[in-house]
>>> print(open('structure25.cif').read())   # mmCIF, C-alpha atoms
data_structure
#
loop_
_atom_site.group_PDB
_atom_site.id
_atom_site.type_symbol
_atom_site.label_atom_id
_atom_site.label_comp_id
_atom_site.auth_asym_id
_atom_site.auth_seq_id
_atom_site.Cartn_x
_atom_site.Cartn_y
_atom_site.Cartn_z
ATOM 1 C CA MET A 1 -6.651 -5.161 -34.967
ATOM 2 C CA ARG A 2 -3.023 -4.762 -33.969
ATOM 3 C CA THR A 3 -2.904 -2.674 -30.810
ATOM 4 C CA GLN A 4 0.009 -0.336 -30.297
ATOM 5 C CA ALA A 5 1.145 0.785 -26.884
ATOM 6 C CA ILE A 6 -1.607 2.276 -24.781
ATOM 7 C CA ARG A 7 -0.760 5.520 -23.056
ATOM 8 C CA VAL A 8 -2.878 7.401 -20.569
ATOM 9 C CA ARG A 9 -2.912 11.172 -20.396
ATOM 10 C CA ALA A 10 -4.989 13.938 -18.887
ATOM 11 C CA ALA A 11 -7.967 14.789 -21.054
ATOM 12 C CA GLU A 12 -8.059 18.177 -22.703
ATOM 13 C CA PRO A 13 -11.213 20.214 -23.390
ATOM 14 C CA ALA A 14 -10.847 19.350 -27.091
ATOM 15 C CA ASP A 15 -11.266 15.662 -26.122
ATOM 16 C CA HIS A 16 -14.697 16.126 -24.505
ATOM 17 C CA THR A 17 -16.746 15.421 -27.630
ATOM 18 C CA VAL A 18 -14.919 12.127 -28.221
ATOM 19 C CA ILE A 19 -15.191 11.201 -24.530
ATOM 20 C CA ARG A 20 -18.945 11.796 -24.583
ATOM 21 C CA ASP A 21 -19.277 9.661 -27.728
ATOM 22 C CA ILE A 22 -17.323 6.836 -26.066
ATOM 23 C CA LEU A 23 -19.526 7.067 -22.954
ATOM 24 C CA ARG A 24 -22.728 6.977 -25.034
ATOM 25 C CA ASN A 25 -21.496 4.012 -27.087
ATOM 26 C CA ALA A 26 -20.058 2.049 -24.160
ATOM 27 C CA TYR A 27 -23.021 2.519 -21.817
ATOM 28 C CA GLY A 28 -25.746 2.639 -24.477
ATOM 29 C CA GLN A 29 -25.628 -1.122 -24.937
ATOM 30 C CA TYR A 30 -27.082 -1.465 -21.430
ATOM 31 C CA THR A 31 -30.285 0.501 -22.054
ATOM 32 C CA PRO A 32 -32.369 -2.729 -22.185
ATOM 33 C CA ASP A 33 -31.206 -3.401 -18.601
ATOM 34 C CA ILE A 34 -31.958 0.102 -17.285
ATOM 35 C CA SER A 35 -35.373 1.639 -16.678
ATOM 36 C CA PRO A 36 -35.851 4.570 -19.065
ATOM 37 C CA ALA A 37 -36.760 6.840 -16.123
ATOM 38 C CA VAL A 38 -33.265 6.486 -14.637
ATOM 39 C CA TRP A 39 -31.303 6.215 -17.901
ATOM 40 C CA LYS A 40 -31.711 9.934 -18.671
ATOM 41 C CA PRO A 41 -30.327 11.297 -15.351
ATOM 42 C CA PHE A 42 -27.642 8.580 -15.236
ATOM 43 C CA LEU A 43 -26.402 9.445 -18.731
ATOM 44 C CA ALA A 44 -26.553 13.189 -18.014
ATOM 45 C CA ASP A 45 -24.413 12.590 -14.914
ATOM 46 C CA LEU A 46 -21.840 10.542 -16.864
ATOM 47 C CA LEU A 47 -21.644 13.190 -19.588
ATOM 48 C CA ASP A 48 -21.210 16.105 -17.139
ATOM 49 C CA LEU A 49 -17.468 16.299 -17.686
ATOM 50 C CA ASP A 50 -17.257 19.804 -16.230
ATOM 51 C CA ARG A 51 -18.529 18.538 -12.868
ATOM 52 C CA HIS A 52 -16.277 15.479 -12.959
ATOM 53 C CA SER A 53 -13.220 17.577 -13.803
ATOM 54 C CA GLY A 54 -14.127 20.039 -11.041
ATOM 55 C CA ASN A 55 -13.885 17.291 -8.424
ATOM 56 C CA GLY A 56 -11.422 14.990 -10.101
ATOM 57 C CA GLN A 57 -9.277 14.401 -13.134
ATOM 58 C CA LEU A 58 -10.426 13.246 -16.559
ATOM 59 C CA LEU A 59 -8.129 10.687 -18.165
ATOM 60 C CA VAL A 60 -8.043 9.222 -21.653
ATOM 61 C CA ALA A 61 -6.322 6.119 -22.967
ATOM 62 C CA VAL A 62 -4.770 6.708 -26.368
ATOM 63 C CA VAL A 63 -3.857 4.101 -28.997
ATOM 64 C CA ASP A 64 -2.265 5.209 -32.274
ATOM 65 C CA ASP A 65 -3.350 8.825 -31.640
ATOM 66 C CA ALA A 66 -6.996 7.744 -31.172
ATOM 67 C CA ILE A 67 -8.801 8.079 -27.864
ATOM 68 C CA ALA A 68 -9.706 4.487 -27.025
ATOM 69 C CA GLY A 69 -11.014 4.859 -23.481
ATOM 70 C CA TYR A 70 -11.862 7.212 -20.649
ATOM 71 C CA ALA A 71 -12.194 7.326 -16.870
ATOM 72 C CA ALA A 72 -12.582 10.011 -14.231
ATOM 73 C CA PHE A 73 -10.277 9.840 -11.219
ATOM 74 C CA TYR A 74 -11.389 11.193 -7.857
ATOM 75 C CA PRO A 75 -8.544 11.639 -5.340
ATOM 76 C CA ASP A 76 -11.277 11.965 -2.693
ATOM 77 C CA ALA A 77 -14.044 9.514 -3.563
ATOM 78 C CA SER A 78 -16.313 10.898 -0.818
ATOM 79 C CA VAL A 79 -17.196 13.887 -3.040
ATOM 80 C CA GLN A 80 -18.952 11.583 -5.515
ATOM 81 C CA GLY A 81 -21.985 11.256 -3.246
ATOM 82 C CA PHE A 82 -21.965 7.455 -3.221
ATOM 83 C CA GLY A 83 -21.056 6.967 0.441
ATOM 84 C CA TRP A 84 -17.345 6.324 0.010
ATOM 85 C CA PRO A 85 -15.267 7.211 3.088
ATOM 86 C CA ARG A 86 -12.879 10.160 3.108
ATOM 87 C CA GLY A 87 -9.345 9.036 2.406
ATOM 88 C CA TRP A 88 -10.413 6.678 -0.366
ATOM 89 C CA ALA A 89 -9.864 7.449 -4.041
ATOM 90 C CA GLY A 90 -12.383 6.483 -6.680
ATOM 91 C CA GLY A 91 -13.061 6.043 -10.337
ATOM 92 C CA ARG A 92 -16.120 6.946 -12.362
ATOM 93 C CA GLY A 93 -17.382 6.334 -15.867
ATOM 94 C CA LEU A 94 -14.734 3.893 -17.057
ATOM 95 C CA ALA A 95 -15.520 3.333 -20.732
ATOM 96 C CA VAL A 96 -13.745 1.799 -23.707
ATOM 97 C CA ASP A 97 -14.615 2.503 -27.316
ATOM 98 C CA PRO A 98 -16.155 -0.752 -28.600
ATOM 99 C CA ALA A 99 -13.579 -0.844 -31.427
ATOM 100 C CA PHE A 100 -10.781 -1.126 -28.837
ATOM 101 C CA ARG A 101 -12.307 -3.681 -26.470
ATOM 102 C CA GLY A 102 -10.281 -6.735 -25.575
ATOM 103 C CA HIS A 103 -6.918 -5.021 -26.037
ATOM 104 C CA GLY A 104 -6.069 -3.985 -22.479
ATOM 105 C CA VAL A 105 -7.434 -0.445 -22.531
ATOM 106 C CA ALA A 106 -9.596 -0.854 -19.408
ATOM 107 C CA ALA A 107 -6.815 -2.615 -17.476
ATOM 108 C CA THR A 108 -4.359 0.131 -18.459
ATOM 109 C CA LEU A 109 -6.775 2.812 -17.265
ATOM 110 C CA LEU A 110 -7.320 0.947 -13.974
ATOM 111 C CA THR A 111 -3.561 0.709 -13.410
ATOM 112 C CA GLU A 112 -3.255 4.454 -13.954
ATOM 113 C CA LEU A 113 -6.178 5.146 -11.595
ATOM 114 C CA GLU A 114 -4.561 3.002 -8.893
ATOM 115 C CA ASP A 115 -1.192 4.711 -9.390
ATOM 116 C CA ARG A 116 -2.837 8.112 -9.015
ATOM 117 C CA ALA A 117 -4.674 6.898 -5.912
ATOM 118 C CA ARG A 118 -1.372 5.783 -4.359
ATOM 119 C CA ALA A 119 0.247 9.102 -5.275
ATOM 120 C CA ALA A 120 -2.687 10.889 -3.572
ATOM 121 C CA GLY A 121 -2.058 8.856 -0.404
ATOM 122 C CA ALA A 122 -5.339 6.930 -0.604
ATOM 123 C CA ALA A 123 -5.617 3.692 1.339
ATOM 124 C CA VAL A 124 -8.272 2.297 -1.020
ATOM 125 C CA PHE A 125 -9.326 2.683 -4.643
ATOM 126 C CA ALA A 126 -13.076 2.101 -5.139
ATOM 127 C CA PHE A 127 -15.760 2.274 -7.811
ATOM 128 C CA HIS A 128 -19.206 0.950 -8.721
ATOM 129 C CA THR A 129 -20.384 -1.211 -11.595
ATOM 130 C CA SER A 130 -23.531 -3.173 -12.373
ATOM 131 C CA ALA A 131 -24.177 -6.909 -12.453
ATOM 132 C CA PHE A 132 -25.431 -6.673 -16.048
ATOM 133 C CA MET A 133 -22.011 -5.297 -17.077
ATOM 134 C CA THR A 134 -20.711 -8.859 -17.077
ATOM 135 C CA THR A 135 -17.513 -8.221 -19.030
ATOM 136 C CA ALA A 136 -16.536 -5.434 -16.636
ATOM 137 C CA VAL A 137 -17.350 -7.548 -13.575
ATOM 138 C CA ALA A 138 -15.215 -10.390 -14.961
ATOM 139 C CA LEU A 139 -12.318 -7.989 -15.587
ATOM 140 C CA TYR A 140 -12.458 -6.500 -12.089
ATOM 141 C CA GLU A 141 -12.556 -9.913 -10.474
ATOM 142 C CA ARG A 142 -9.736 -11.205 -12.688
ATOM 143 C CA LEU A 143 -7.640 -8.181 -11.669
ATOM 144 C CA GLY A 144 -8.214 -8.957 -7.987
ATOM 145 C CA TYR A 145 -10.764 -6.330 -7.003
ATOM 146 C CA CYS A 146 -12.950 -7.298 -4.061
ATOM 147 C CA ARG A 147 -16.687 -6.839 -3.739
ATOM 148 C CA ALA A 148 -17.708 -4.489 -0.945
ATOM 149 C CA PRO A 149 -21.512 -4.978 -0.631
ATOM 150 C CA ARG A 150 -21.615 -2.582 2.324
ATOM 151 C CA PHE A 151 -21.035 0.234 -0.197
ATOM 152 C CA ASP A 152 -23.518 -0.927 -2.854
ATOM 153 C CA ILE A 153 -26.058 1.744 -3.768
ATOM 154 C CA ASP A 154 -29.469 1.772 -5.389
ATOM 155 C CA VAL A 155 -29.031 3.819 -8.568
ATOM 156 C CA ASN A 156 -32.752 4.619 -8.827
ATOM 157 C CA THR A 157 -32.756 6.082 -5.314
ATOM 158 C CA HIS A 158 -29.493 7.952 -5.979
ATOM 159 C CA TYR A 159 -31.125 9.785 -8.891
ATOM 160 C CA GLY A 160 -34.459 10.199 -7.115
ATOM 161 C CA VAL A 161 -36.301 8.006 -9.593
ATOM 162 C CA THR A 162 -39.031 5.488 -8.942
ATOM 163 C CA ALA A 163 -38.467 2.710 -11.435
ATOM 164 C CA ALA A 164 -40.115 -0.652 -11.922
ATOM 165 C CA ARG A 165 -36.761 -2.368 -12.213
ATOM 166 C CA PRO A 166 -34.245 -2.198 -9.340
ATOM 167 C CA TRP A 167 -30.713 -1.153 -10.259
ATOM 168 C CA PRO A 168 -28.096 -1.978 -7.654
ATOM 169 C CA ALA A 169 -24.632 -0.531 -8.268
ATOM 170 C CA LEU A 170 -22.078 -3.030 -7.029
ATOM 171 C CA ALA A 171 -19.139 -1.673 -5.057
ATOM 172 C CA TYR A 172 -15.642 -2.923 -5.806
ATOM 173 C CA LEU A 173 -12.413 -1.911 -4.144
ATOM 174 C CA ARG A 174 -8.741 -2.584 -3.804
ATOM 175 C CA ARG A 175 -6.709 -1.833 -0.719
ATOM 176 C CA LEU A 176 -3.582 -0.071 -1.875
ATOM 177 C CA GLU A 177 -0.049 -0.627 -0.789
ATOM 178 C CA SER A 178 2.889 1.424 -1.862
ATOM 179 C CA ARG A 179 4.627 -0.058 -4.825
ATOM 180 C CA PRO A 180 8.274 -0.747 -4.081
ATOM 181 C CA ALA A 181 10.708 1.495 -5.873
ATOM 182 C CA VAL A 182 12.279 -0.097 -8.903
ATOM 183 C CA ARG A 183 15.995 -0.466 -8.425
ATOM 184 C CA SER A 184 18.234 0.077 -11.358
ATOM 185 C CA ALA A 185 21.027 -2.400 -11.899
ATOM 186 C CA ALA A 186 24.281 -0.630 -11.135
#
>>> encode(input="structure25.cif", output="structure tokens")
Amino acid sequence: MRTQAIRVRAAEPADHTVIRDILRNAYGQYTPDISPAVWKPFLADLLDLDRHSGNGQLLVAVVDDAIAGYAAFYPDASVQGFGWPRGWAGGRGLAVDPAFRGHGVAATLLTELEDRARAAGAAVFAFHTSAFMTTAVALYERLGYCRAPRFDIDVNTHYGVTAARPWPALAYLRRLESRPAVRSAA
């Protein structure tokens, strides 16, 4: 597949069906790693775009007029209920359509999330992932994100579910610095 330029824009209500399909497809591959008792509330939370847009901003990555990926941006990550400090920004539900994987969609979304975090004055950009999401973990580490075990959460406990299998959500973060202004050659 030849990938054209990836652009990120605010999601529109008409995009919600496609976003939900991307979330189901991207996260559905992990159902063997997740206890069924917690999968249902976890998926319902991911798909609750009205709640996410009420506390943050829904973003889509577009390639050749097709929505290739999605992420929610939270200018104040503390409202997510995951124990993030006030003053930090956060991301939620980063997902790439399987047909567009390996073409820079996730990295482009992360760059946009960080830029929005800087613009919001956040000192840190943070999010959670899972150890079984090995491709995502490798990407975050390659991009220089740092593990922050102090902010790990137990997903089962978060959703009030007793499950046979533990599910730790691993915290990752990046301390943000202002990007220097680009000077034009005069």
>>> atom_distance(input="structure25.cif", atom1="atom CA of A:Trp39", atom2="atom CA of A:Pro168")
13.5 Å
>>> closest_residue(input="structure25.cif", among="A:Leu49, A:Val63, A:Ala117, A:Leu94", to="A:Asp76", atoms="only C-alpha atoms")
A:Ala117
>>> resolve_selection(input="structure25.cif", expression="the PyMOL selection byres ((chain A and resi 103) around 12)", output="list in words")
Met1, Arg2, Thr3, Gln4, Ala5, Ile6, Ala61, Val62, Val63, Ala68, Gly69, Val96, Asp97, Pro98, Ala99, Phe100, Arg101, Gly102, Gly104, Val105, Ala106, Ala107, Thr108 and Leu109 of chain A
>>> write_last_selection(input="structure25.cif", atoms="C-alpha atoms", output="CSV table (one decimal), in the frame of the given file")
chain,number,residue,atom,x,y,z
A,1,MET,CA,-6.7,-5.2,-35.0
A,2,ARG,CA,-3.0,-4.8,-34.0
A,3,THR,CA,-2.9,-2.7,-30.8
A,4,GLN,CA,0.0,-0.3,-30.3
A,5,ALA,CA,1.1,0.8,-26.9
A,6,ILE,CA,-1.6,2.3,-24.8
A,61,ALA,CA,-6.3,6.1,-23.0
A,62,VAL,CA,-4.8,6.7,-26.4
A,63,VAL,CA,-3.9,4.1,-29.0
A,68,ALA,CA,-9.7,4.5,-27.0
A,69,GLY,CA,-11.0,4.9,-23.5
A,96,VAL,CA,-13.7,1.8,-23.7
A,97,ASP,CA,-14.6,2.5,-27.3
A,98,PRO,CA,-16.2,-0.8,-28.6
A,99,ALA,CA,-13.6,-0.8,-31.4
A,100,PHE,CA,-10.8,-1.1,-28.8
A,101,ARG,CA,-12.3,-3.7,-26.5
A,102,GLY,CA,-10.3,-6.7,-25.6
A,104,GLY,CA,-6.1,-4.0,-22.5
A,105,VAL,CA,-7.4,-0.4,-22.5
A,106,ALA,CA,-9.6,-0.9,-19.4
A,107,ALA,CA,-6.8,-2.6,-17.5
A,108,THR,CA,-4.4,0.1,-18.5
A,109,LEU,CA,-6.8,2.8,-17.3
>>> closest_atom_pairs(input="structure25.cif", of="stretch 116-142 of chain A", to="stretch 84-92 of chain A", cutoff="7 Å", atoms="all atoms listed in the file", output="JSON lines")
{"residue": "A:Ala117", "atom": "CA", "partner": "A:Ala89", "partner_atom": "CA", "distance": 5.5}
{"residue": "A:Ala122", "atom": "CA", "partner": "A:Trp88", "partner_atom": "CA", "distance": 5.1}
{"residue": "A:Ala123", "atom": "CA", "partner": "A:Trp88", "partner_atom": "CA", "distance": 5.9}
{"residue": "A:Val124", "atom": "CA", "partner": "A:Trp88", "partner_atom": "CA", "distance": 4.9}
{"residue": "A:Phe125", "atom": "CA", "partner": "A:Ala89", "partner_atom": "CA", "distance": 4.8}
{"residue": "A:Ala126", "atom": "CA", "partner": "A:Gly90", "partner_atom": "CA", "distance": 4.7}
{"residue": "A:Phe127", "atom": "CA", "partner": "A:Gly91", "partner_atom": "CA", "distance": 5.3}
>>> residues_around(input="structure25.cif", residues="A:Gly56", least_positions_apart="4", cutoff="6 Å", atoms="only C-alpha atoms", output="ChimeraX atom specification")
/A:52,73-74
>>> closest_residue(input="structure25.cif", among="A:Val8, A:Leu43, A:Ala37, A:Ala131", to="A:Asp65", atoms="all atoms listed in the file")
A:Val8
>>> closest_residue(input="structure25.cif", among="A:Ala11, A:Val161, A:Met133, A:Leu170", to="A:Pro149", atoms="all atoms listed in the file")
A:Leu170
>>> resolve_selection(input="structure25.cif", expression="the PyMOL selection byres ((chain A and resi 17-24) around 7)", output="PyMOL selection string")
chain A and resi 15-16+25-28+47+70+95-97
>>> resolve_selection(input="structure25.cif", expression="the PyMOL selection byres ((chain A and resi 35) around 10)", output="PyMOL selection string")
chain A and resi 31-34+36-40+156+161-167
>>> atom_distance(input="structure25.cif", atom1="atom CA of A:Tyr30", atom2="atom CA of A:Ala136")
12.2 Å
>>> closest_residue(input="structure25.cif", among="A:Leu113, A:Glu141, A:Glu177, A:Gly83", to="A:Ile153", atoms="only C-alpha atoms")
A:Gly83
>>> atom_distance(input="structure25.cif", atom1="atom CA of A:Pro75", atom2="atom CA of A:Thr129")
18.6 Å
>>> closest_residue(input="structure25.cif", among="A:Cys146, A:Ile67, A:Ala72, A:Ala169", to="A:Asn55", atoms="only C-alpha atoms")
A:Ala72
>>> closest_residue(input="structure25.cif", among="A:Leu46, A:Ala10, A:Ala71, A:Leu176", to="A:Asp115", atoms="all atoms listed in the file")
A:Leu176
>>> decode(input="structure25.cif", residues="stretch 87-98 of chain A", atoms="all heavy atoms", output="mmCIF file, in the first residue's frame")
data_model
loop_
_atom_site.group_PDB
_atom_site.id
_atom_site.type_symbol
_atom_site.label_atom_id
_atom_site.label_comp_id
_atom_site.auth_asym_id
_atom_site.auth_seq_id
_atom_site.Cartn_x
_atom_site.Cartn_y
_atom_site.Cartn_z
ATOM 1 N N GLY A 87 -2.818 19.212 35.470
ATOM 2 C CA GLY A 87 -1.727 19.859 34.758
ATOM 3 C C GLY A 87 -1.064 18.964 33.721
ATOM 4 O O GLY A 87 -0.222 19.421 32.955
ATOM 5 N N TRP A 88 -1.438 17.688 33.724
ATOM 6 C CA TRP A 88 -0.945 16.770 32.702
ATOM 7 C C TRP A 88 -2.033 16.606 31.645
ATOM 8 O O TRP A 88 -3.224 16.621 31.957
ATOM 9 C CB TRP A 88 -0.646 15.399 33.283
ATOM 10 C CG TRP A 88 0.573 15.315 34.138
ATOM 11 C CD1 TRP A 88 1.269 16.338 34.715
ATOM 12 C CD2 TRP A 88 1.231 14.118 34.531
ATOM 13 N NE1 TRP A 88 2.326 15.851 35.436
ATOM 14 C CE2 TRP A 88 2.327 14.477 35.348
ATOM 15 C CE3 TRP A 88 1.006 12.773 34.285
ATOM 16 C CZ2 TRP A 88 3.195 13.558 35.904
ATOM 17 C CZ3 TRP A 88 1.868 11.846 34.837
ATOM 18 C CH2 TRP A 88 2.960 12.235 35.637
ATOM 19 N N ALA A 89 -1.623 16.426 30.411
ATOM 20 C CA ALA A 89 -2.554 16.087 29.332
ATOM 21 C C ALA A 89 -2.465 14.581 29.096
ATOM 22 O O ALA A 89 -1.488 13.942 29.490
ATOM 23 C CB ALA A 89 -2.189 16.850 28.061
ATOM 24 N N GLY A 90 -3.496 14.037 28.464
ATOM 25 C CA GLY A 90 -3.496 12.599 28.242
ATOM 26 C C GLY A 90 -4.159 12.200 26.948
ATOM 27 O O GLY A 90 -4.890 12.977 26.336
ATOM 28 N N GLY A 91 -3.883 10.972 26.569
ATOM 29 C CA GLY A 91 -4.512 10.384 25.398
ATOM 30 C C GLY A 91 -5.302 9.162 25.811
ATOM 31 O O GLY A 91 -5.068 8.581 26.870
ATOM 32 N N ARG A 92 -6.242 8.780 24.960
ATOM 33 C CA ARG A 92 -7.094 7.630 25.272
ATOM 34 C C ARG A 92 -7.547 6.993 23.976
ATOM 35 O O ARG A 92 -7.894 7.686 23.019
ATOM 36 C CB ARG A 92 -8.303 8.122 26.079
ATOM 37 C CG ARG A 92 -9.273 7.044 26.492
ATOM 38 C CD ARG A 92 -8.872 6.440 27.832
ATOM 39 N NE ARG A 92 -9.962 5.655 28.360
ATOM 40 C CZ ARG A 92 -10.065 4.337 28.195
ATOM 41 N NH1 ARG A 92 -9.149 3.681 27.550
ATOM 42 N NH2 ARG A 92 -11.085 3.687 28.694
ATOM 43 N N GLY A 93 -7.540 5.678 23.938
ATOM 44 C CA GLY A 93 -8.135 4.940 22.837
ATOM 45 C C GLY A 93 -7.407 5.060 21.505
ATOM 46 O O GLY A 93 -8.043 4.927 20.460
ATOM 47 N N LEU A 94 -6.111 5.273 21.521
ATOM 48 C CA LEU A 94 -5.373 5.333 20.267
ATOM 49 C C LEU A 94 -5.598 4.031 19.502
ATOM 50 O O LEU A 94 -5.389 2.945 20.046
ATOM 51 C CB LEU A 94 -3.878 5.541 20.526
ATOM 52 C CG LEU A 94 -2.968 5.541 19.305
ATOM 53 C CD1 LEU A 94 -3.274 6.742 18.413
ATOM 54 C CD2 LEU A 94 -1.518 5.580 19.733
ATOM 55 N N ALA A 95 -6.041 4.153 18.254
ATOM 56 C CA ALA A 95 -6.332 2.970 17.451
ATOM 57 C C ALA A 95 -6.064 3.278 15.989
ATOM 58 O O ALA A 95 -6.358 4.375 15.513
ATOM 59 C CB ALA A 95 -7.785 2.548 17.633
ATOM 60 N N VAL A 96 -5.512 2.287 15.298
ATOM 61 C CA VAL A 96 -5.248 2.405 13.865
ATOM 62 C C VAL A 96 -5.977 1.274 13.156
ATOM 63 O O VAL A 96 -5.907 0.115 13.578
ATOM 64 C CB VAL A 96 -3.729 2.342 13.577
ATOM 65 C CG1 VAL A 96 -3.456 2.363 12.077
ATOM 66 C CG2 VAL A 96 -3.008 3.502 14.271
ATOM 67 N N ASP A 97 -6.665 1.621 12.088
ATOM 68 C CA ASP A 97 -7.318 0.614 11.259
ATOM 69 C C ASP A 97 -6.247 -0.382 10.823
ATOM 70 O O ASP A 97 -5.185 0.017 10.337
ATOM 71 C CB ASP A 97 -7.937 1.304 10.046
ATOM 72 C CG ASP A 97 -8.684 0.363 9.133
ATOM 73 O OD1 ASP A 97 -8.188 -0.753 8.855
ATOM 74 O OD2 ASP A 97 -9.767 0.744 8.667
ATOM 75 N N PRO A 98 -6.488 -1.686 11.006
ATOM 76 C CA PRO A 98 -5.471 -2.676 10.640
ATOM 77 C C PRO A 98 -4.941 -2.530 9.209
ATOM 78 O O PRO A 98 -3.775 -2.816 8.946
ATOM 79 C CB PRO A 98 -6.183 -4.017 10.849
ATOM 80 C CG PRO A 98 -7.175 -3.719 11.948
ATOM 81 C CD PRO A 98 -7.648 -2.309 11.664
#
